[in-house]
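All remarks here apply to the structure that follows.
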Amino acid sequence: MATNTSGVRSNRFTRMGRRQRTKLWADIASYVVIFFFAIIALFPFFWMIRTALAPATESFALKPKLLPSSLTFENLTRVITSPNVPFIKYFQNSVVVSVATTLLVIVVGSWGAYALARLTFKGQRAFGSSLLLIQMFPGILLIIPLYVILAKLGLINNFVGLSVAYTTLNLPFVVWLLRGYFLSIPSEIEDAARIDGCTYFGVLWRVVLPLAAPGLAAVATLAFVNSWNEFLIAYVLINDDSQKVLSIGLASYVDQFTTDYSGLFAMATLTTLPVVIVFMVFQRYLVGGLTTGSVKG
Amino acid sequence: MEQLLKNNVVEKTSVNNKIESPTPLQGRPIDLKGLEKSRFSLSSFVERHIAYFLIAPTMLGIAVVNVYPLLDTVRLSFTNRLLSRPEDETRFIGLENYTSILTNPGVWNAFKVSLIFTSVSVGLSFIIGFGLALLLNRPLPGRAILRSIFIIPWAVPAFVAALTWSWMFNDQFGIFASLLKDFGINRPPIWLGADLALFSLTVVMIWKSFPFQIIVLLAGLQAIPGDLYEAAEVDGAIAHQKFRYITLPLIKPVAMISVLLAAINAFNFFTIPWILTRGGPGETTAVLPIYTYTIGFVGGDFGFAATMAVIMFMFILLAGSVYLWQYLREVDATGAQRI
């Protein structure tokens with residue numbers, strides 16, 4: 001009996017040893033694969049910044065080196081201060097449109113999500129599933145009539161038209177995501193607030209939204225980044241140079257910049273850094289928000 | 001809104017006044033009905049129909065930005081509307097646009113290019129994303145930092161990504177050409193030439209979209225309860241059995257949805273093909289959105305472009321519904337958690 005037990009034990013010990021060794025090798029292999037793909041993921045980003053920070057002459061080297069001979073901020077200051085390129089104006093326009101869209105999305109999206117998560121009303125299912133359906137609309141399908149109707153309303157070259165379009169395009173997934181988030185909050189607190197005479201708007205504003213702050217952070221991040229990065233609608237709806245946002249402003253300078261890639265990528269870097277920083281800062285909420293939003297759905 | 005806030009304040013104070021009156025529970029019950037009636041107000045009206053007020057802005061936005069354009073596109077698709085032709089000279093031409101689509105070789109080409117672009121980019125970005133999600137789900141030190149590195153291609157604006165890639169693809173000054181020279185290849189391939197343009201475009205799309213797969217699938221993997229694996233270990237399951245019988249069936253619903261979303265996104269994607277190639281050279285990379293845009297806004301034929309858009313939408317709707325139906329059937333069959 002005794003030998004039997006010790007036999008089992010020693011057997012288990014050797015197996016543990018082998019296991020640990022396998023785990024070590026598996027970890028090393030994982031790191032190798034992950035680093036390989038991390039380099040691929042980062043390389044274009046790195047190359048953009050490298051072109052922006054290298055001396056302007058080096059962008060026309062016939063054999064560009066991975067690392068530039070020296071770093072300079074000359075390209076960045078040149079595009080910011082250039083009289084020919086209203087970069088600052090584009091940047092301001094992008095900030096205005098993206099911030100307005102984000103605020104609208106949070107207010108309107110949380111209302112819709114609250115109705116879907118907590119209330120019962122006629123047409124609730126239709127409302128929910130029509131939101132899913134709308135996700136499938138090709139942007140190209142909307143763009144022609146949108147152009148025609150906004151031209152009639154005088155909303156071409158107008159931030160209001162652009163923000164409303166962006167807000168609506170963000171709403172379907174925002175409402176679904178926040179709905180999942182609201183469902184994860186216990187409803188007892190809201191009931192208590194209701195009994196104390198709080199209106200629905202009061203409950204939403206004072207109870208639900210503070211508790212759903214991480215979900216709101218996720219939604220706001222996505223809405224901000226989506227509007228900052230949108231191209232097609234801005235491309236069609238805005239053609240006045242002073243009203244251009246970064247996406248189309250940059251694209252319209254591509255031809256002009258065939259002689260100045262350093263300047264182009266200095267602008268690209270300045271365009272990209274805000275969204276990458278926003279994503280990095282809020283990615284914790286983003287992952288958490290996506291998880292809660294989808295698991296509870 | 002002002003009005004609402006004011007009413008809210010009024011209601012608050014009136015309730016407070018009531019509570020100050022002695023022991024409302026034992027004494028005379030608060031005449032709530034009378035209270036409501038005495039100030040028939042926007043506030044009480046809103047409270048009774050609260051759900052409709054809450055969804056109204058969303059519905060309004062969708063009506064203007066989605067539903068009206070959809071219906072109007074359908075109407076336009078039966079007309080000979082041109083960008084340059086005023087609305088009142090536009091005629092109803094029946095199914096003419098639809099029949100000419102069938103005989104238009106450009107449309108068939110665009111369909112073919114779109115299907116290749118979508119299926120290859122979604123397929124490969126899913127495989128890469130799933131593999132990396134599995135690796136990042138292991139308890140590796142530093143995986144939080146690695147995860148945020150993988151978010152970067154997702155965060156980089158598509159137009160910037162397209163500009164950067166076209167700069168890297170440049171056959172004179174591009175870094176790829178330079179690296180190939182290091183390996184002794186002095187005549188580097190023309191990445192955006194007729195032979196390779198679709199390949200290069202697909203590579204860029206894979207790069208742009210695999211982070212989304214990582215994040216969604218990682219979230220799905222982390223939602224799988226750990227005790228399932230522990231139970232399987234107690235039963236003596238080995239690694240690939242745990243993967244086969246726990247991970248795969250439980251990740252399947254999440255995976256199917258993330259593939260659907262990625263496919264819809266890729267099929268409708270405009271920015272990267274437009275900036276990278278404008279559909280060229282020739283029509284080698286003219287995916288459907290690019291082809292439709294070119295017909296509508298470059299060629300000026302709104303009617304025909306609208307018809308293309310309607311066909312695209314019907315195709316997505318059909319494929320999406322078949323897929324969703326299959327998804328719901330599978331999820332019901334396995335009893336797995338729905339997302």
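In the structure tokens, each chain is lettered A, B, ... as it comes, each chain's residues begin at 1, and ligands are numbered from 1 in order of appearance.
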Based on only C-alpha atoms, which of the residues in chain A come within 7 Å of chain B? I want them as a short mmCIF file (atom, residue, chain, number, x, y, z; two decimals) with C-alpha atoms, in the first residue's frame.
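Result file is out_6.cif:
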data_model
loop_
_atom_site.label_atom_id
_atom_site.label_comp_id
_atom_site.auth_asym_id
_atom_site.auth_seq_id
_atom_site.Cartn_x
_atom_site.Cartn_y
_atom_site.Cartn_z
CA SER A 30 4.01 32.42 -27.60
CA ILE A 34 3.28 37.61 -30.47
CA ALA A 38 3.43 43.06 -32.85
CA ALA A 41 1.15 45.77 -36.27
CA PRO A 44 3.47 51.24 -40.51
CA MET A 48 4.88 57.18 -40.46
CA PHE A 60 13.83 60.74 -51.08
CA ALA A 61 16.72 58.44 -50.31
CA LEU A 62 16.77 55.67 -52.88
CA LYS A 63 17.64 53.23 -50.14
CA PRO A 64 15.86 54.44 -46.99
CA VAL A 108 -29.07 60.14 -27.25
CA TRP A 111 -31.65 57.37 -23.66
CA GLY A 112 -32.29 54.72 -26.29
CA ALA A 115 -35.56 52.45 -22.90
CA LEU A 119 -38.72 49.90 -19.95
CA PHE A 121 -43.11 49.66 -24.71
CA MET A 136 -25.63 46.46 -42.45
CA PHE A 137 -26.34 49.59 -44.51
CA PRO A 138 -23.50 50.30 -46.93
CA GLY A 139 -22.25 53.87 -46.49
CA ILE A 140 -22.32 54.20 -50.25
CA LEU A 141 -26.08 53.48 -50.20
CA LEU A 142 -26.80 56.43 -47.95
CA PRO A 145 -29.64 60.82 -51.12
CA LEU A 146 -27.93 62.24 -48.05
CA ALA A 165 -24.78 62.02 -39.72
CA THR A 168 -26.67 58.48 -36.19
CA THR A 199 -38.42 61.20 -12.67
CA TYR A 200 -37.10 58.78 -15.31
CA ASN A 229 -11.37 58.75 -38.58
CA PHE A 231 -13.71 59.67 -44.46
CA LEU A 232 -16.45 58.92 -47.00
CA SER A 247 -9.41 63.19 -42.96
CA ALA A 268 -0.46 62.35 -40.63
CA THR A 272 -3.06 60.10 -35.62
CA VAL A 275 -6.78 59.08 -31.44
CA VAL A 276 -4.01 56.67 -30.54
CA PHE A 279 -7.43 54.66 -27.45
CA MET A 280 -4.47 53.85 -25.21
CA VAL A 287 -12.22 45.98 -23.52
CA THR A 291 -17.11 42.35 -22.71
CA SER A 294 -21.73 41.58 -25.33
CA VAL A 295 -21.93 39.01 -22.56
CA LYS A 296 -25.06 40.43 -21.01
CA GLY A 297 -26.87 40.89 -24.32
#
Spatial neighbours of Trp176 in chain A, 10 Å, only C-alpha atoms, chain gap at least 4 places, as a PyMOL selection string: chain A and resi 109-110+112-113+116-117+128-129+131-132+171-172+180-182+293-294+297
Could you give me the residues within range 43-291 of chain B that DSSP places in helix (DSSP H, G or I), as a PyMOL selection string? chain B and resi 43-48+50-76+87-89+96-102+105-136+143-155+158-169+175-182+197-222+226-234+239-268+271-276+288-291
Can you pull out every residue within 10 Å of Val95 in chain A, counting only C-alpha atoms, but drop anything in the same chain fewer than 6 positions away, and send it as JSON, numbers by chain? {"A": [89, 101, 224, 227, 228, 245, 246, 274]}
Leaving out Glu96 in chain B and any residue of its chain fewer than 3 positions from it, which residues lie within 12 Å of it when counting only C-alpha atoms, given as a list in words? Leu76, Ser77, Phe78, Thr79, Asn80, Arg91, Phe92, Ile93, Thr99, Ser100, Ile101, Leu102, Thr103, Gly303, Phe304 and Thr307 of chain B
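Of note, CA of Phe73 in chain A and CA of Leu250 in chain A are spaced 19.2 Å apart.
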